[in-house]
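Heads up: the structure comes next, in structure tokens.
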Amino acid sequence: MSPFRGSSGFTDAWRHFRLELGDGVATVTFDRPEKLNALTFETYADLRDLLGELPHRDDVRVLVITGEGRGFCSGGDVHEIIGRLLRMEPSDLLDFTRMSGSVVQRMRECPLPVIAAVNGVAAGAGAVIALAADLRLLARSASFAFLFTKVGLAGADMGSAYLLPRMVGFGRAAELLLLGETIRAEDAAAIGLGPVVDDEELPARTTELARRLADGPTLAYGSTKMLLSRELDMDLSGSIELEAMTQALLMKSADHAEFYRAFTEGRDPKWTGR
């Protein structure tokens, strides 16, 4: 984590989702179960701002995103968002679409590993947020639906047309984004969106994965995430050079030196993320 930050404190209580912090793990829980955790303008803004803070905290090493109840996130609230959008001027509409897109951009640029524990329906913006995570665990009840064309909008929203083809291939992404049909957990797993676990096992499996990441070499994880994202649009020579520079820097890290000490002393490394 960066040692350079302003003088204001971090925000530990957010109005529009639940944030829990403990042992290096930050868990964001969308908390409108009666509406399948549909998003409001304020939820988008809070999530954007939280993602801006997390890289500067030294007490968080992994982020988990999940939903309360029987849904992960059903996307934008039809009444609270779409109804108001129809009355907005174009400049305000662009401010909103840029804000929602910034959530995904910050998820991808955040140096922390991000886990989406998908505990039911992930639709519209909820599907894209799950897509933007580094790792996904899918409850057997989980489903994905990129519903944008079904409301008369482009199927490409919040970076979905960038991320999805790179994960599942162009043809399958075109089918999902054009038709907006629901894909169940087993089929989502078959195209690479994450392993499926029984619903009752999802919390424990999520905790296990988060603990593994929180206890690991955070600096190495962040560098790997950065390289994965940057190299999507680079040629081979550029990728090799970026990897060479990154590895040379990490070879001077405290974690790499700790690995060697632990190896020679016959013990497990004690990672510090430095």
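The chains in the structure tokens are called A, B, ... from first to last as shown; in each chain the residues are counted from 1, and the ligands are counted from 1 in the order shown.
DSSP, applied to the backbone of this structure, assigns strand (DSSP E) to the following residues of region 38-98 of chain A: Val60, Arg61, Val62, Leu63, Val64, Ile65, Thr66, Gly67, Gly71, Phe72 and Cys73 of chain A.
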Write the selection just made, keeping all heavy atoms, as a JSON list (two decimals), in the first residue's frame?
```json
[["chain", "number", "residue", "atom", "x", "y", "z"],
["A", 60, "VAL", "N", -5.95, -3.41, 4.99],
["A", 60, "VAL", "CA", -6.76, -4.20, 4.05],
["A", 60, "VAL", "C", -5.85, -4.79, 2.99],
["A", 60, "VAL", "O", -5.05, -4.07, 2.37],
["A", 60, "VAL", "CB", -7.85, -3.32, 3.38],
["A", 60, "VAL", "CG1", -8.61, -4.14, 2.34],
["A", 60, "VAL", "CG2", -8.81, -2.77, 4.42],
["A", 61, "ARG", "N", -5.96, -6.10, 2.80],
["A", 61, "ARG", "CA", -5.12, -6.79, 1.82],
["A", 61, "ARG", "C", -5.94, -7.51, 0.76],
["A", 61, "ARG", "O", -5.38, -7.99, -0.24],
["A", 61, "ARG", "CB", -4.21, -7.79, 2.56],
["A", 61, "ARG", "CG", -3.26, -7.12, 3.53],
["A", 61, "ARG", "CD", -2.62, -8.12, 4.49],
["A", 61, "ARG", "NE", -1.70, -9.01, 3.81],
["A", 61, "ARG", "CZ", -0.40, -8.78, 3.67],
["A", 61, "ARG", "NH1", 0.12, -7.65, 4.14],
["A", 61, "ARG", "NH2", 0.38, -9.65, 3.07],
["A", 62, "VAL", "N", -7.24, -7.59, 0.94],
["A", 62, "VAL", "CA", -8.12, -8.22, -0.04],
["A", 62, "VAL", "C", -9.52, -7.66, 0.13],
["A", 62, "VAL", "O", -9.93, -7.31, 1.24],
["A", 62, "VAL", "CB", -8.11, -9.77, 0.11],
["A", 62, "VAL", "CG1", -8.59, -10.19, 1.48],
["A", 62, "VAL", "CG2", -8.95, -10.44, -0.98],
["A", 63, "LEU", "N", -10.25, -7.56, -0.97],
["A", 63, "LEU", "CA", -11.63, -7.06, -0.95],
["A", 63, "LEU", "C", -12.57, -8.16, -1.41],
["A", 63, "LEU", "O", -12.34, -8.79, -2.44],
["A", 63, "LEU", "CB", -11.76, -5.84, -1.88],
["A", 63, "LEU", "CG", -13.19, -5.33, -2.14],
["A", 63, "LEU", "CD1", -13.85, -4.83, -0.86],
["A", 63, "LEU", "CD2", -13.18, -4.24, -3.22],
["A", 64, "VAL", "N", -13.64, -8.36, -0.65],
["A", 64, "VAL", "CA", -14.71, -9.29, -1.01],
["A", 64, "VAL", "C", -15.97, -8.47, -1.25],
["A", 64, "VAL", "O", -16.30, -7.58, -0.48],
["A", 64, "VAL", "CB", -14.97, -10.32, 0.11],
["A", 64, "VAL", "CG1", -16.18, -11.19, -0.22],
["A", 64, "VAL", "CG2", -13.74, -11.19, 0.33],
["A", 65, "ILE", "N", -16.68, -8.78, -2.35],
["A", 65, "ILE", "CA", -17.96, -8.13, -2.65],
["A", 65, "ILE", "C", -19.02, -9.22, -2.73],
["A", 65, "ILE", "O", -18.84, -10.22, -3.44],
["A", 65, "ILE", "CB", -17.90, -7.34, -3.96],
["A", 65, "ILE", "CG1", -16.81, -6.27, -3.91],
["A", 65, "ILE", "CG2", -19.25, -6.69, -4.25],
["A", 65, "ILE", "CD1", -16.64, -5.50, -5.21],
["A", 66, "THR", "N", -20.12, -9.03, -2.02],
["A", 66, "THR", "CA", -21.20, -10.00, -2.03],
["A", 66, "THR", "C", -22.52, -9.29, -1.79],
["A", 66, "THR", "O", -22.56, -8.06, -1.68],
["A", 66, "THR", "CB", -20.95, -11.12, -0.98],
["A", 66, "THR", "OG1", -21.86, -12.19, -1.20],
["A", 66, "THR", "CG2", -21.08, -10.59, 0.44],
["A", 67, "GLY", "N", -23.60, -10.04, -1.71],
["A", 67, "GLY", "CA", -24.92, -9.45, -1.50],
["A", 67, "GLY", "C", -25.64, -10.12, -0.35],
["A", 67, "GLY", "O", -25.41, -11.29, -0.05],
["A", 71, "GLY", "N", -29.77, -12.58, -3.49],
["A", 71, "GLY", "CA", -29.24, -11.99, -4.71],
["A", 71, "GLY", "C", -27.91, -11.31, -4.47],
["A", 71, "GLY", "O", -27.68, -10.72, -3.40],
["A", 72, "PHE", "N", -27.03, -11.38, -5.45],
["A", 72, "PHE", "CA", -25.77, -10.64, -5.41],
["A", 72, "PHE", "C", -26.06, -9.17, -5.68],
["A", 72, "PHE", "O", -25.85, -8.31, -4.83],
["A", 72, "PHE", "CB", -24.80, -11.21, -6.45],
["A", 72, "PHE", "CG", -23.51, -10.46, -6.57],
["A", 72, "PHE", "CD1", -22.52, -10.59, -5.61],
["A", 72, "PHE", "CD2", -23.27, -9.61, -7.65],
["A", 72, "PHE", "CE1", -21.31, -9.89, -5.72],
["A", 72, "PHE", "CE2", -22.08, -8.92, -7.78],
["A", 72, "PHE", "CZ", -21.10, -9.06, -6.81],
["A", 73, "CYS", "N", -26.58, -8.87, -6.86],
["A", 73, "CYS", "CA", -26.97, -7.51, -7.22],
["A", 73, "CYS", "C", -27.76, -7.58, -8.51],
["A", 73, "CYS", "O", -27.27, -8.10, -9.52],
["A", 73, "CYS", "CB", -25.73, -6.63, -7.38],
["A", 73, "CYS", "SG", -26.12, -4.96, -7.97]]
```
**OP:** With a distance cut-off of 8 Å and only C-alpha atoms, select the neighbouring residues of Met99 (chain A), excluding the residue or stretch itself and same-chain residues fewer than 2 positions from it, and output the selection as a ChimeraX atom specification.
**Re:** /A:44-45,48,95-97,101-103
Original post:
In region 43-233 of chain A, what's helix (DSSP H, G or I) per DSSP? Answer as a ChimeraX atom specification?
Top reply: /A:43-56,78-85,90-109,125-132,148-151,160-168,170-179,185-190,199-214,218-233
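Within 12 Å of Arg166 (chain A), once only C-alpha atoms are used and residues closer than 5 positions along the same chain are dropped, the contacting residues are Leu131, Ala132, Gly159, Ser160, Ala161, Gly171, Arg172, Ala173, Ala174, Ile191, Gly192, Leu193, Leu228, Ser229, Glu231, Leu232 and Asp233 of chain A.
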Extract, using only C-alpha atoms, all DNA, RNA and protein residues at most 9 Å from Asp59 (chain A), discarding same-chain residues fewer than 6 positions from it, and format them as an mmCIF file with C-alpha atoms, in the first residue's frame.
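The resulting file, selection14.cif, is reproduced below:
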```cif
data_model
loop_
_atom_site.group_PDB
_atom_site.id
_atom_site.type_symbol
_atom_site.label_atom_id
_atom_site.label_comp_id
_atom_site.auth_asym_id
_atom_site.auth_seq_id
_atom_site.Cartn_x
_atom_site.Cartn_y
_atom_site.Cartn_z
ATOM 1 C CA LEU A 21 -13.089 -4.983 8.189
ATOM 2 C CA GLY A 22 -11.117 -7.714 9.874
ATOM 3 C CA ASP A 23 -7.709 -9.409 9.650
ATOM 4 C CA GLY A 24 -6.811 -7.758 6.372
ATOM 5 C CA VAL A 25 -10.118 -8.512 4.644
ATOM 6 C CA ALA A 26 -12.621 -5.831 3.645
#
```
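Here CA of Ala117 (chain A) stands at a distance of 19.0 Å from CA of Tyr221 (chain A).
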**OP:** List the neighbours of Asn119 (chain A) out to 9 Å using only C-alpha atoms; skip same-chain residues closer than 6 positions along the sequence, and give me the result as number ranges by chain.
**Re:** A: 66-73, 137-143, 199, 202
